[in-house]
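Peer 1: One structure coming up, written as structure tokens, with questions to follow.
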Amino acid sequence: MSLNDYLHHKRHAVLGRQQRIAEGRAEAASLHAHVTAEGRSGIRRLRIREHQVISDSPYDFAGFNLGPSSPELQLGVLGTCVTHIFEIQAALLQVPLDSVEVDVRGTIDPRGGHPGHESTPIWPHDIRYEVRVASSASDAQLEELFAAVEKNCPILNLLRNPQHIVGTLVRATPAAPAKAAAAEPRQALAA
């Protein structure tokens, strides 16, 4: 199956979704991600639905390099979203695509916020992406496609527009140390 075959299938799915929206049968979806820090390694295990992704730091930041860092994941998420929206918009506009590749780059500076670098962002910045497409479409069709992607890409627009994010802190009860818990039954048996 080629990408263009998939786009034909995608078109039917997108048109079906648009019909459900028009008929009032579509509702907002609640999104959820859960992350835990693993003991001994500090890796972050990201769980979304039935999927897992490991995030880790490079060696020079006390990591084991077992997965991408959070800033790298953010760039990757932008790339996957741009790619997906290219598929959706190409399907809707019926623009043929033989291939789509998105390359995302950015800068993160560990000196950000430190003395002498107070104005250096602590977040990924200078983010840019390049899309390479192989297509028999005209330049005008590709420009229309690109404009539609830029308008409709949720993650691209999330990053471009300020967001209100609420965080809370909840104190969890610490688990009993494993050695102490294992020692208690032995003491009870000895008594």
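Just remember, in the structure tokens the first chain shown is A, the second B, etc., residues are 1-based per chain, and ligands are 1-based in the order shown.
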At most 10 Å is the cut-off: for each residue in segment 89-183 of chain A with any atom that close to an atom of segment 64-72 of chain A, write down the nearest atom pair and the distance in Å rounded to one decimal, counting only C-alpha atoms, chain first then increasing number, as CSV.

Peer 2:
residue,atom,partner,partner_atom,distance
A:Val104,CA,A:Glu72,CA,9.5
A:Arg105,CA,A:Glu72,CA,9.0
A:Gly106,CA,A:Glu72,CA,8.8
A:Thr107,CA,A:Pro71,CA,9.1
A:Ile108,CA,A:Pro71,CA,7.7
A:Trp123,CA,A:Pro71,CA,7.8
A:Pro124,CA,A:Pro71,CA,6.3
A:His125,CA,A:Pro71,CA,9.8

Peer 1: Those same residues, written as a short mmCIF file (atom, residue, chain, number, x, y, z; two decimals), in the first residue's frame with C-alpha atoms?

Peer 2:
data_model
loop_
_atom_site.label_atom_id
_atom_site.label_comp_id
_atom_site.auth_asym_id
_atom_site.auth_seq_id
_atom_site.Cartn_x
_atom_site.Cartn_y
_atom_site.Cartn_z
CA VAL A 104 12.32 19.54 13.32
CA ARG A 105 15.19 21.39 14.96
CA GLY A 106 15.54 23.67 17.94
CA THR A 107 17.94 24.89 20.59
CA ILE A 108 18.08 24.23 24.31
CA TRP A 123 12.78 26.19 27.19
CA PRO A 124 13.38 24.89 23.66
CA HIS A 125 13.56 27.86 21.30
#

Peer 1: Looking only at the backbone, which of the residues in segment 11-125 of chain A does DSSP tag as strand (DSSP E), as a ChimeraX atom specification?

Peer 2: /A:34-37,44-48,51-55,99-107,125

Peer 1: Under the rule that only C-alpha atoms are counted, which of A:Gln74, A:Val95, A:Gly112, A:Asp126 is the nearest residue to Glu143 of chain A?

Peer 2: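 Going through A:Gln74, A:Val95, A:Gly112, A:Asp126 one by one, the smallest distance to Glu143 of chain A is for A:Val95.
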
Peer 1: Name all residues at most 8 Å from segment 35-49 of chain A (count only C-alpha atoms; drop same-chain ones fewer than 4 positions away) and give them as a ChimeraX atom specification.

Peer 2: /A:53-57,63-64,66

Peer 1: Work out how far atom CA of Leu73 of chain A is from atom CA of Gln52 of chain A, in Å to one decimal.

Peer 2: 13.0 Å
